[in-house]
file work_36.csv (CSV, C-alpha atoms and all ligand atoms)
chain,number,residue,atom,x,y,z
A,1,MET,CA,89.5,84.7,111.5
A,2,TYR,CA,86.9,87.4,110.9
A,3,SER,CA,84.6,87.1,107.9
A,4,GLN,CA,85.5,90.6,106.8
A,5,LEU,CA,87.5,91.3,103.7
A,6,TYR,CA,91.0,92.6,104.6
A,7,PHE,CA,92.1,95.7,102.7
A,8,ASP,CA,94.6,97.1,105.2
A,9,TYR,CA,97.9,95.5,104.3
A,10,ASN,CA,99.7,98.8,104.7
A,11,ALA,CA,98.7,98.8,108.4
A,12,THR,CA,100.0,95.3,109.0
A,13,THR,CA,100.2,91.8,107.4
A,14,PRO,CA,99.5,88.4,108.7
A,15,CYS,CA,102.6,86.4,109.7
A,16,LEU,CA,103.1,83.6,107.2
A,17,LYS,CA,103.1,80.0,108.4
A,18,GLU,CA,106.6,79.4,107.0
A,19,VAL,CA,107.8,82.4,109.0
A,20,VAL,CA,106.1,81.2,112.2
A,21,ASP,CA,107.6,77.7,111.6
A,22,SER,CA,111.1,79.2,111.1
A,23,MET,CA,110.9,81.0,114.5
A,24,LEU,CA,109.4,78.2,116.7
A,25,PRO,CA,112.6,76.3,117.5
A,26,TYR,CA,114.2,79.4,118.9
A,27,PHE,CA,111.5,80.0,121.5
A,28,ASN,CA,111.9,76.8,123.5
A,29,GLN,CA,114.3,74.3,121.9
A,30,ASP,CA,117.3,76.5,120.8
A,31,PHE,CA,116.4,79.2,123.2
A,32,GLY,CA,119.9,80.3,124.2
A,33,ASN,CA,121.1,83.9,124.4
A,34,PRO,CA,123.3,84.8,121.4
A,35,SER,CA,125.6,86.6,123.8
A,36,SER,CA,126.2,83.6,126.0
A,37,SER,CA,129.7,82.7,124.7
A,38,HIS,CA,130.5,79.8,127.0
A,39,HIS,CA,128.1,77.1,126.0
A,40,PRO,CA,126.4,75.5,122.9
A,41,TYR,CA,123.0,77.1,123.7
A,42,GLY,CA,124.5,80.5,123.1
A,43,TRP,CA,126.6,79.3,120.2
A,44,LEU,CA,123.6,77.9,118.4
A,45,ALA,CA,121.6,81.1,118.9
A,46,LYS,CA,124.5,83.2,117.8
A,47,SER,CA,124.9,81.2,114.6
A,48,ALA,CA,121.2,81.5,113.9
A,49,VAL,CA,121.3,85.3,114.2
A,50,GLU,CA,124.4,85.4,112.0
A,51,ASP,CA,122.9,83.2,109.3
A,52,ALA,CA,119.7,85.2,109.4
A,53,THR,CA,121.6,88.5,109.2
A,54,LEU,CA,123.7,87.3,106.3
A,55,ALA,CA,120.6,86.1,104.4
A,56,ILE,CA,118.9,89.5,104.9
A,57,ALA,CA,122.0,91.2,103.6
A,58,GLN,CA,122.3,88.9,100.6
A,59,ASN,CA,118.6,89.2,99.7
A,60,LEU,CA,118.8,93.0,99.9
A,61,GLY,CA,122.2,93.3,98.2
A,62,ILE,CA,123.8,95.1,101.1
A,63,SER,CA,126.6,94.4,103.7
A,64,PRO,CA,125.7,92.5,106.9
A,65,SER,CA,127.6,95.1,108.8
A,66,SER,CA,125.2,97.8,107.7
A,67,LEU,CA,122.3,96.2,109.6
A,68,VAL,CA,121.1,97.0,113.1
A,69,PHE,CA,118.0,95.2,114.5
A,70,THR,CA,115.5,97.3,116.4
A,71,SER,CA,111.9,96.8,117.6
A,72,GLY,CA,110.4,98.2,114.4
A,73,ALA,CA,110.4,101.1,112.0
A,74,THR,CA,109.5,103.7,114.6
A,75,GLU,CA,112.5,102.8,116.7
A,76,SER,CA,114.7,102.8,113.6
A,77,ILE,CA,113.5,106.3,112.7
A,78,ASN,CA,114.2,107.5,116.2
A,79,MET,CA,117.7,105.9,116.0
A,80,VAL,CA,118.6,107.6,112.7
A,81,LEU,CA,117.2,111.0,113.3
A,82,LYS,CA,118.4,111.4,116.9
A,83,GLY,CA,121.6,109.6,116.1
A,84,VAL,CA,122.5,111.9,113.2
A,85,ALA,CA,121.5,114.9,115.3
A,86,ARG,CA,123.9,113.8,118.1
A,87,LYS,CA,126.7,112.8,115.8
A,88,MET,CA,126.6,115.8,113.5
A,89,GLN,CA,125.7,118.6,115.9
A,90,SER,CA,129.2,120.2,115.5
A,91,LYS,CA,128.5,120.5,111.8
A,92,GLY,CA,125.0,122.0,112.1
A,93,ASN,CA,121.5,121.8,113.6
A,94,HIS,CA,119.3,121.9,110.5
A,95,ILE,CA,117.2,119.0,109.2
A,96,ILE,CA,114.9,118.9,106.2
A,97,THR,CA,111.9,116.7,105.9
A,98,THR,CA,108.4,116.8,104.3
A,99,LYS,CA,105.0,117.6,105.6
A,100,SER,CA,103.7,114.2,104.4
A,101,GLU,CA,106.1,111.9,106.4
A,102,HIS,CA,104.9,109.2,108.7
A,103,LYS,CA,104.2,110.4,112.3
A,104,ALA,CA,107.3,108.5,113.5
A,105,VAL,CA,109.4,111.0,111.6
A,106,LEU,CA,107.3,114.1,112.3
A,107,ASP,CA,107.1,113.4,116.0
A,108,THR,CA,110.8,112.7,116.3
A,109,CYS,CA,111.5,116.0,114.4
A,110,ALA,CA,109.2,117.8,116.8
A,111,PHE,CA,111.2,116.3,119.7
A,112,LEU,CA,114.5,117.5,118.0
A,113,GLU,CA,113.0,121.0,117.6
A,114,GLU,CA,112.3,121.1,121.3
A,115,ASN,CA,116.0,120.2,121.8
A,116,GLY,CA,117.6,123.0,119.7
A,117,PHE,CA,117.4,121.7,116.2
A,118,GLU,CA,115.7,123.5,113.3
A,119,VAL,CA,113.5,121.5,111.0
A,120,THR,CA,112.3,122.7,107.6
A,121,TYR,CA,109.1,120.9,106.4
A,122,LEU,CA,108.9,120.8,102.6
A,123,ASP,CA,105.5,121.2,101.0
A,124,VAL,CA,104.2,118.5,98.7
A,125,ASP,CA,102.1,119.2,95.5
A,126,SER,CA,98.6,117.9,94.9
A,127,LYS,CA,100.1,114.5,93.9
A,128,GLY,CA,102.1,114.3,97.1
A,129,LEU,CA,105.5,114.9,95.5
A,130,ILE,CA,108.1,117.3,96.8
A,131,SER,CA,109.7,119.9,94.6
A,132,VAL,CA,113.4,119.1,94.1
A,133,GLU,CA,113.9,122.8,93.3
A,134,MET,CA,112.5,123.7,96.7
A,135,LEU,CA,114.8,121.1,98.4
A,136,SER,CA,117.7,122.7,96.6
A,137,GLU,CA,116.7,126.2,97.9
A,138,MET,CA,116.3,124.9,101.5
A,139,LEU,CA,119.6,123.1,101.8
A,140,ARG,CA,122.2,125.1,103.8
A,141,PRO,CA,125.8,124.5,104.9
A,142,GLU,CA,124.4,123.6,108.4
A,143,THR,CA,121.9,121.0,107.0
A,144,ILE,CA,123.0,117.7,108.5
A,145,LEU,CA,120.2,115.5,107.4
A,146,VAL,CA,117.4,115.2,104.8
A,147,SER,CA,114.7,112.7,105.7
A,148,ILE,CA,112.3,111.8,102.9
A,149,LEU,CA,109.6,109.1,103.0
A,150,TYR,CA,110.2,106.9,100.0
A,151,ALA,CA,106.8,105.3,99.5
A,152,ASN,CA,103.9,107.1,101.3
A,153,ASN,CA,101.9,104.7,103.5
A,154,GLU,CA,98.6,106.4,102.8
A,155,THR,CA,98.7,107.3,99.1
A,156,GLY,CA,101.5,105.0,97.9
A,157,THR,CA,103.3,108.0,96.2
A,158,VAL,CA,107.0,107.3,95.6
A,159,GLN,CA,109.4,110.2,95.8
A,160,PRO,CA,112.2,110.9,93.2
A,161,LEU,CA,115.1,109.7,95.3
A,162,ASP,CA,117.7,110.0,92.5
A,163,GLU,CA,117.6,113.8,92.4
A,164,ILE,CA,117.0,114.1,96.1
A,165,SER,CA,120.1,112.1,96.8
A,166,ARG,CA,122.2,114.0,94.3
A,167,LEU,CA,121.3,117.4,95.8
A,168,THR,CA,121.6,116.2,99.4
A,169,HIS,CA,125.1,114.7,98.9
A,170,LYS,CA,126.3,117.7,96.8
A,171,ASN,CA,125.5,119.8,99.9
A,172,GLY,CA,127.5,117.4,102.1
A,173,SER,CA,124.4,116.4,104.0
A,174,LEU,CA,123.2,112.8,104.9
A,175,LEU,CA,120.1,111.2,103.4
A,176,PHE,CA,117.6,109.0,105.3
A,177,SER,CA,114.6,107.5,103.6
A,178,ASP,CA,111.8,105.8,105.4
A,179,THR,CA,111.5,102.7,103.2
A,180,THR,CA,109.1,100.8,105.5
A,181,GLN,CA,106.3,100.5,103.0
A,182,ALA,CA,108.4,99.7,100.0
A,183,LEU,CA,110.0,96.4,101.1
A,184,GLY,CA,108.6,93.5,99.2
A,185,LYS,CA,106.6,95.8,96.9
A,186,VAL,CA,109.3,97.7,95.0
A,187,ASP,CA,112.9,96.8,94.0
A,188,LEU,CA,115.1,98.6,96.5
A,189,SER,CA,118.5,97.8,95.0
A,190,LYS,CA,119.0,101.3,93.6
A,191,VAL,CA,117.6,102.9,96.8
A,192,PHE,CA,120.4,101.4,98.9
A,193,GLN,CA,122.9,103.2,96.7
A,194,LEU,CA,121.1,106.5,97.0
A,195,VAL,CA,120.6,106.8,100.8
A,196,ASP,CA,122.8,106.8,103.8
A,197,PHE,CA,120.1,105.3,106.1
A,198,ALA,CA,116.9,103.4,105.6
A,199,CYS,CA,114.5,101.5,107.8
A,200,PHE,CA,112.2,98.5,107.7
A,201,SER,CA,109.7,96.6,109.8
A,202,ALA,CA,108.9,92.9,109.7
A,203,HIS,CA,105.2,93.2,110.2
A,204,LYS,CA,104.7,95.0,107.0
A,205,VAL,CA,106.2,92.0,105.0
A,206,TYR,CA,104.4,89.0,106.6
A,207,GLY,CA,106.9,88.8,109.5
A,208,PRO,CA,106.4,89.2,113.2
A,209,LYS,CA,105.5,92.4,115.0
A,210,GLY,CA,108.2,93.9,117.2
A,211,ILE,CA,111.3,93.6,115.0
A,212,GLY,CA,112.7,96.1,112.6
A,213,LEU,CA,115.9,97.2,111.0
A,214,VAL,CA,118.1,100.2,110.4
A,215,PHE,CA,120.3,100.2,107.3
A,216,ILE,CA,123.4,102.2,107.9
A,217,LYS,CA,125.5,102.5,104.8
A,218,ASP,CA,128.9,103.2,106.3
A,219,ASN,CA,129.0,101.0,109.3
A,220,GLU,CA,131.9,98.6,108.9
A,221,ASP,CA,133.3,99.6,112.3
A,222,GLY,CA,130.0,100.2,114.0
A,223,ASN,CA,130.4,103.9,114.0
A,224,GLY,CA,127.8,104.8,111.4
A,225,LEU,CA,125.4,105.9,114.1
A,226,PRO,CA,126.1,106.5,117.8
A,227,SER,CA,124.8,104.1,120.4
A,228,PHE,CA,121.0,104.4,120.7
A,229,ILE,CA,120.1,102.1,123.6
A,230,GLN,CA,122.9,101.6,126.1
A,231,GLY,CA,123.4,98.4,128.0
A,232,GLY,CA,125.1,95.1,127.3
A,233,GLY,CA,127.1,96.3,124.3
A,234,GLN,CA,125.1,94.1,121.8
A,235,GLN,CA,125.1,94.9,118.1
A,236,LYS,CA,128.5,96.7,118.1
A,237,LYS,CA,127.2,98.8,121.1
A,238,GLN,CA,124.7,100.5,118.7
A,239,ARG,CA,121.6,99.0,120.3
A,240,GLY,CA,121.9,97.3,123.6
A,241,GLY,CA,119.5,94.6,124.8
A,242,THR,CA,119.3,90.8,124.4
A,243,ILE,CA,119.3,90.0,120.7
A,244,ASN,CA,115.9,88.6,119.8
A,245,THR,CA,116.8,85.4,118.0
A,246,PRO,CA,113.3,84.1,117.0
A,247,LEU,CA,112.1,87.4,115.6
A,248,ILE,CA,115.3,88.0,113.7
A,249,VAL,CA,115.1,84.5,112.2
A,250,GLY,CA,111.4,85.2,111.3
A,251,PHE,CA,112.2,88.6,109.8
A,252,SER,CA,114.9,87.0,107.7
A,253,LYS,CA,112.5,84.3,106.4
A,254,ALA,CA,109.8,86.9,105.6
A,255,ILE,CA,112.3,89.0,103.6
A,256,ALA,CA,113.5,85.9,101.7
A,257,LEU,CA,109.9,85.0,100.8
A,258,ALA,CA,109.1,88.6,99.8
A,259,ILE,CA,112.1,89.0,97.6
A,260,GLU,CA,111.8,85.6,96.0
A,261,ASN,CA,108.4,86.4,94.5
A,262,ILE,CA,108.6,90.2,94.1
A,263,ASN,CA,108.2,90.5,90.4
A,264,ILE,CA,105.3,88.2,90.0
A,265,GLU,CA,103.6,89.5,93.2
A,266,THR,CA,104.1,93.2,92.1
A,267,GLN,CA,102.5,92.5,88.8
A,268,ARG,CA,99.6,90.6,90.4
A,269,LEU,CA,99.0,93.4,92.9
A,270,LYS,CA,99.1,96.1,90.2
A,271,THR,CA,96.5,94.3,88.1
A,272,LEU,CA,94.2,94.0,91.2
A,273,ARG,CA,94.9,97.6,92.3
A,274,ASN,CA,94.0,98.9,88.8
A,275,LYS,CA,90.8,96.9,88.8
A,276,LEU,CA,89.8,98.2,92.3
A,277,GLU,CA,90.7,101.8,91.4
A,278,THR,CA,88.8,101.7,88.1
A,279,GLY,CA,85.8,100.2,89.8
A,280,LEU,CA,85.7,102.8,92.6
A,281,LEU,CA,86.3,105.7,90.3
A,282,GLN,CA,83.0,104.7,88.6
A,283,ILE,CA,81.3,106.2,91.7
A,284,GLU,CA,80.1,109.6,90.8
A,285,LEU,CA,82.6,112.4,91.6
A,286,ALA,CA,85.1,110.0,93.2
A,287,ILE,CA,88.7,111.3,93.1
A,288,SER,CA,91.9,109.3,93.3
A,289,ASN,CA,94.6,110.7,95.5
A,290,SER,CA,97.3,108.4,94.2
A,291,THR,CA,98.1,109.5,90.7
A,292,THR,CA,101.9,109.6,90.3
A,293,PRO,CA,103.5,107.3,87.7
A,294,GLN,CA,105.8,105.9,90.5
A,295,ARG,CA,103.6,104.5,93.2
A,296,LEU,CA,103.1,101.4,95.3
A,297,PRO,CA,101.6,98.5,93.4
A,298,ASN,CA,99.1,97.7,96.2
A,299,THR,CA,97.6,101.0,97.4
A,300,VAL,CA,94.4,102.8,96.3
A,301,HIS,CA,93.4,106.1,97.9
A,302,ILE,CA,90.1,107.7,97.0
A,303,SER,CA,87.9,110.6,98.2
A,304,PHE,CA,84.2,110.6,97.9
A,305,PRO,CA,82.7,114.2,98.0
A,306,TYR,CA,79.4,114.6,99.9
A,307,VAL,CA,80.1,111.6,102.1
A,308,ASP,CA,80.5,111.7,105.9
A,309,GLY,CA,83.8,109.9,106.2
A,310,ALA,CA,83.3,108.7,109.8
A,311,ASN,CA,79.8,107.3,109.0
A,312,LEU,CA,81.2,105.6,105.9
A,313,LEU,CA,84.0,103.9,107.8
A,314,THR,CA,81.7,102.7,110.6
A,315,ALA,CA,79.2,101.3,108.0
A,316,LEU,CA,82.1,99.6,106.1
A,317,SER,CA,83.7,98.2,109.2
A,318,ARG,CA,81.1,95.4,109.4
A,319,GLN,CA,82.1,94.0,106.0
A,320,ILE,CA,85.5,95.3,105.0
A,321,ALA,CA,88.7,96.3,106.8
A,322,VAL,CA,89.8,99.6,105.3
A,323,SER,CA,91.2,102.8,106.8
A,324,ASN,CA,91.2,106.5,106.1
A,325,GLY,CA,94.9,106.9,106.8
A,326,SER,CA,97.7,105.5,108.9
A,327,ALA,CA,96.9,103.0,111.7
A,328,CYS,CA,99.7,104.7,113.7
A,329,ASN,CA,97.7,107.9,113.6
A,330,SER,CA,94.2,106.6,114.3
A,331,ALA,CA,94.1,108.2,117.8
A,332,SER,CA,93.9,111.6,116.0
A,333,VAL,CA,90.5,113.1,115.2
A,334,GLU,CA,92.2,115.4,112.7
A,335,PRO,CA,92.0,114.6,109.0
A,336,SER,CA,95.0,112.9,107.5
A,337,HIS,CA,98.0,115.3,107.5
A,338,VAL,CA,99.2,113.7,104.3
A,339,LEU,CA,96.0,114.7,102.5
A,340,THR,CA,95.9,118.2,103.9
A,341,ALA,CA,99.6,118.6,102.9
A,342,MET,CA,98.5,117.8,99.4
A,343,GLY,CA,96.0,120.7,99.6
A,344,ILE,CA,92.9,118.5,100.0
A,345,GLU,CA,90.2,120.3,101.9
A,346,ARG,CA,89.5,118.9,105.4
A,347,SER,CA,86.0,117.6,104.8
A,348,LEU,CA,87.1,115.8,101.6
A,349,ALA,CA,90.1,114.5,103.4
A,350,TYR,CA,87.8,112.9,106.0
A,351,ALA,CA,85.7,111.4,103.3
A,352,SER,CA,88.6,109.3,101.9
A,353,LEU,CA,89.5,105.7,102.0
A,354,ARG,CA,92.8,103.9,101.8
A,355,LEU,CA,92.6,100.3,100.5
A,356,SER,CA,95.8,98.4,100.5
A,357,LEU,CA,96.1,95.0,99.0
A,358,GLY,CA,98.3,92.0,99.8
A,359,LYS,CA,99.2,88.4,99.4
A,360,TYR,CA,95.7,87.1,100.1
A,361,SER,CA,93.7,89.7,98.0
A,362,THR,CA,91.8,88.1,95.2
A,363,GLU,CA,89.8,89.3,92.2
A,364,ASN,CA,86.7,88.2,93.9
A,365,ASP,CA,87.5,90.3,97.0
A,366,ILE,CA,88.0,93.3,94.7
A,367,GLU,CA,84.6,92.8,93.1
A,368,LYS,CA,82.9,92.5,96.5
A,369,ALA,CA,84.7,95.6,97.8
A,370,ILE,CA,83.7,97.7,94.8
A,371,ALA,CA,80.0,96.6,95.3
A,372,ILE,CA,80.0,97.2,99.1
A,373,ILE,CA,81.7,100.6,98.9
A,374,THR,CA,79.6,101.8,96.0
A,375,ASN,CA,76.4,100.8,97.9
A,376,GLU,CA,77.6,102.6,101.1
A,377,VAL,CA,78.6,105.8,99.3
A,378,VAL,CA,75.2,106.0,97.6
A,379,LYS,CA,73.4,105.4,101.0
A,380,GLN,CA,75.5,108.1,102.7
A,381,ARG,CA,74.7,110.6,100.0
A,382,ASP,CA,71.0,109.7,100.1
A,383,ASN,CA,71.1,111.1,103.6
A,384,ASN,CA,73.0,114.2,102.7
A,385,ILE,CA,70.8,117.1,101.7
A,386,LEU,CA,73.8,118.8,100.0
A,387,TRP,CA,74.0,115.9,97.6
A,388,ASP,CA,70.6,116.9,96.1
A,389,ARG,CA,71.7,120.5,95.8
A,390,ARG,CA,75.1,119.7,94.3
A,391,GLU,CA,74.2,121.0,90.8
A,392,LYS,CA,73.7,124.6,92.2
A,393,GLU,CA,76.6,124.6,94.6
A,394,PRO,CA,80.4,124.0,94.1
A,395,THR,CA,81.9,120.7,95.2
A,396,PRO,CA,82.8,120.9,98.9
B,1,LIG,N1,107.0,104.4,108.5
B,1,LIG,C1,106.0,104.0,107.7
B,1,LIG,C2,106.0,104.6,106.3
B,1,LIG,C3,105.0,103.2,108.1
B,1,LIG,O1,104.0,102.9,107.3
B,1,LIG,C4,105.0,102.7,109.5
B,1,LIG,C5,103.9,101.8,110.0
B,1,LIG,O2,102.7,102.1,109.7
B,1,LIG,C6,106.1,103.1,110.3
B,1,LIG,C7,107.0,103.9,109.8
B,1,LIG,C8,106.1,102.6,111.7
B,1,LIG,O3,106.4,101.2,111.7
B,1,LIG,P1,106.4,100.3,113.0
B,1,LIG,O4,105.0,99.8,113.2
B,1,LIG,O5,107.3,99.1,112.7
B,1,LIG,O6,106.9,101.1,114.1
call {"tool": "encode", "arguments": {"input": "work_36.csv", "output": "structure tokens"}}
result
Amino acid sequence: MYSQLYFDYNATTPCLKEVVDSMLPYFNQDFGNPSSSHHPYGWLAKSAVEDATLAIAQNLGISPSSLVFTSGATESINMVLKGVARKMQSKGNHIITTKSEHKAVLDTCAFLEENGFEVTYLDVDSKGLISVEMLSEMLRPETILVSILYANNETGTVQPLDEISRLTHKNGSLLFSDTTQALGKVDLSKVFQLVDFACFSAHKVYGPKGIGLVFIKDNEDGNGLPSFIQGGGQQKKQRGGTINTPLIVGFSKAIALAIENINIETQRLKTLRNKLETGLLQIELAISNSTTPQRLPNTVHISFPYVDGANLLTALSRQIAVSNGSACNSASVEPSHVLTAMGIERSLAYASLRLSLGKYSTENDIEKAIAIITNEVVKQRDNNILWDRREKEPTP
């Protein structure tokens, strides 16, 4: 373990010991292929997958037939967007999404645009919320899908799915919501009633990396989405490939643990988040980018004017693991597309930090993080000539 403080739980979480223990027998002892129907090795693995699937369904309050396992949320998103496009192309070729989606959605939409689909990207306001009036105006008879990120991975902003769902379905379109960041942090029971598709990833909820889920509401007969990966006919032919018994068992355990403690943990995280946010906002001119009443309980996102964001991150990286956006987008040298979509100016977007809390975050960590970040911001500004002149010039 590093000695650093970990404040990047939205990027990934450690796999819990109980989760690792639940998976271990299925790597070497009960290692059979769930599709081997002629011997007990296969039967055992098949029953482990069935039990795990049933437990996930029960914990989430959905039908087991609505679940398809994938390699993670990115694959799930590809499966939904490309699957709906393929299935519904006789109805239309128009998709609506937002400018502040995760890159997994934006890049898949760009791919669909290259392949004859038309995508409308809704603006978000300065809080990161879409306008439902704008959505209503953009819906057309040929709109086949609306794809709206439920809880933003950078800012934690939660979108108003009730109204989005009502408008989308009134138009006869399907609704997908990327719910990856919400699992284990927000009660999703209502969300499953509002959407046609959702997606999840185990590594965001203290499970293993490399396993995810698609929720397909109407999938009794396996026709809710067309086959995404061909070969072998597994998972009602919707996603071919040997079923990953240990990871599915681990994912199921992780979800059970997350749901079991959700109310207590959400409250604990909110208290810590508020303390962290209040502490960081004491820094002169600091601005919070996470201000909606509905937001993730664990995410703080703050900009520090007159600070060089790259220098700040490098300086902090020795003591505290934070990020300035999505880990999936860290190859980009551009400022966060989520912040620029919110109208935040590029240099300020660079000078921003996302701190995401989790199971092992403590009050002591929060106090240390506030002290470390305050100290670094002050140091960065001491080296910035514009900081001294700030009285005479407008905030950058
Ligand atoms: N969607 C959101 C909102 C995310 O935060 C992430 C991960 O950062 C993904 C999708 C992609 O998840 P995965 O790593 O499972 O592909």
call {"tool": "closest_atom_pairs", "arguments": {"input": "work_36.csv", "of": "range 61-138 of chain A", "to": "range 277-299 of chain A", "cutoff": "12 Å", "atoms": "only C-alpha atoms", "output": "tab-separated table"}}
result
residue	atom	partner	partner_atom	distance
A:Asp125	CA	A:Thr292	CA	10.9
A:Ser126	CA	A:Asn289	CA	8.3
A:Lys127	CA	A:Thr291	CA	6.3
A:Gly128	CA	A:Ser290	CA	8.1
A:Leu129	CA	A:Thr292	CA	8.3
A:Ile130	CA	A:Thr292	CA	11.8
call {"tool": "write_last_selection", "arguments": {"input": "work_36.csv", "atoms": "C-alpha atoms", "output": "compact mmCIF listing (two decimals), in the frame of the given file"}}
result
# COMPACT_ATOMS: atom_id res chain seq x y z
CA ASP A 125 102.10 119.20 95.50
CA SER A 126 98.60 117.90 94.90
CA LYS A 127 100.10 114.50 93.90
CA GLY A 128 102.10 114.30 97.10
CA LEU A 129 105.50 114.90 95.50
CA ILE A 130 108.10 117.30 96.80
call {"tool": "residues_around", "arguments": {"input": "work_36.csv", "residues": "Phe117 in chain A", "least_positions_apart": "4", "cutoff": "9 Å", "atoms": "all atoms listed in the file", "output": "JSON, numbers by chain"}}
result
{"A": [85, 89, 92, 93, 94, 95, 109, 111, 112, 113]}
call {"tool": "closest_residue", "arguments": {"input": "work_36.csv", "among": "A:Ala52, A:Leu122, A:Leu276, A:Val338", "to": "Ile370 in chain A", "atoms": "all atoms listed in the file"}}
result
A:Leu276
call {"tool": "residues_around", "arguments": {"input": "work_36.csv", "residues": "range 359-363 of chain A", "least_positions_apart": "2", "cutoff": "8 Å", "atoms": "only C-alpha atoms", "output": "list in words"}}
result
Tyr6, Phe7, Glu265, Leu272, Leu357, Asp365, Ile366 and Glu367 of chain A
call {"tool": "residues_near_ligand", "arguments": {"input": "work_36.csv", "ligand": "ligand LIG 1 (chain B)", "cutoff": "10 Å", "atoms": "all atoms listed in the file", "output": "PyMOL selection string"}}
result
chain A and resi 9-12+70-78+101-105+149-154+156+177-182+199-204+208-213+325-329
call {"tool": "atom_distance", "arguments": {"input": "work_36.csv", "atom1": "CA of Thr98 in chain A", "atom2": "CA of Asp123 in chain A"}}
result
6.2 Å
call {"tool": "closest_residue", "arguments": {"input": "work_36.csv", "among": "A:Asn244, A:Gln235, A:Thr340, A:Thr374", "to": "Met23 in chain A", "atoms": "all atoms listed in the file"}}
result
A:Asn244
call {"tool": "atom_distance", "arguments": {"input": "work_36.csv", "atom1": "CA of Ile96 in chain A", "atom2": "CA of Asn219 in chain A"}}
result
23.0 Å
call {"tool": "atom_distance", "arguments": {"input": "work_36.csv", "atom1": "CA of Leu81 in chain A", "atom2": "CA of Val132 in chain A"}}
result
21.2 Å
call {"tool": "residues_around", "arguments": {"input": "work_36.csv", "residues": "Thr245 in chain A", "least_positions_apart": "3", "cutoff": "7 Å", "atoms": "all atoms listed in the file", "output": "list in words"}}
result
Tyr26, Ala45, Val49, Ile248 and Val249 of chain A
call {"tool": "closest_residue", "arguments": {"input": "work_36.csv", "among": "A:Ile320, A:Ala341, A:Ile144, A:Ile56", "to": "Phe69 in chain A", "atoms": "all atoms listed in the file"}}
result
A:Ile56
call {"tool": "residues_around", "arguments": {"input": "work_36.csv", "residues": "Ser173 in chain A", "least_positions_apart": "6", "cutoff": "10 Å", "atoms": "all atoms listed in the file", "output": "list in words"}}
result
Met88, Lys91, Gly92, His94, Ile95, Leu139, Arg140, Pro141, Glu142, Thr143, Ile144, Leu145, Val146, Ser165, Leu167 and Asp196 of chain A
call {"tool": "write_last_selection", "arguments": {"input": "work_36.csv", "atoms": "C-alpha atoms", "output": "PDB file, keeping the file's coordinate frame"}}
result
ATOM      1  CA  MET A  88     126.600 115.800 113.500  1.00  0.00           C
ATOM      2  CA  LYS A  91     128.500 120.500 111.800  1.00  0.00           C
ATOM      3  CA  GLY A  92     125.000 122.000 112.100  1.00  0.00           C
ATOM      4  CA  HIS A  94     119.300 121.900 110.500  1.00  0.00           C
ATOM      5  CA  ILE A  95     117.200 119.000 109.200  1.00  0.00           C
ATOM      6  CA  LEU A 139     119.600 123.100 101.800  1.00  0.00           C
ATOM      7  CA  ARG A 140     122.200 125.100 103.800  1.00  0.00           C
ATOM      8  CA  PRO A 141     125.800 124.500 104.900  1.00  0.00           C
ATOM      9  CA  GLU A 142     124.400 123.600 108.400  1.00  0.00           C
ATOM     10  CA  THR A 143     121.900 121.000 107.000  1.00  0.00           C
ATOM     11  CA  ILE A 144     123.000 117.700 108.500  1.00  0.00           C
ATOM     12  CA  LEU A 145     120.200 115.500 107.400  1.00  0.00           C
ATOM     13  CA  VAL A 146     117.400 115.200 104.800  1.00  0.00           C
ATOM     14  CA  SER A 165     120.100 112.100  96.800  1.00  0.00           C
ATOM     15  CA  LEU A 167     121.300 117.400  95.800  1.00  0.00           C
ATOM     16  CA  ASP A 196     122.800 106.800 103.800  1.00  0.00           C
TER      17      ASP A 196
END
call {"tool": "residues_around", "arguments": {"input": "work_36.csv", "residues": "Leu348 in chain A", "least_positions_apart": "6", "cutoff": "8 Å", "atoms": "all atoms listed in the file", "output": "ChimeraX atom specification"}}
result
/A:303-306,396
call {"tool": "closest_residue", "arguments": {"input": "work_36.csv", "among": "A:Asp388, A:Glu118, A:Glu376, A:Glu163", "to": "Ser131 in chain A", "atoms": "only C-alpha atoms"}}
result
A:Glu163
call {"tool": "closest_residue", "arguments": {"input": "work_36.csv", "among": "A:Ile216, A:Met79, A:Ala55, A:Val20", "to": "Phe228 in chain A", "atoms": "all atoms listed in the file"}}
result
A:Met79
call {"tool": "closest_residue", "arguments": {"input": "work_36.csv", "among": "A:Leu174, A:Leu316, A:Leu24, A:Val186", "to": "Ala371 in chain A", "atoms": "only C-alpha atoms"}}
result
A:Leu316
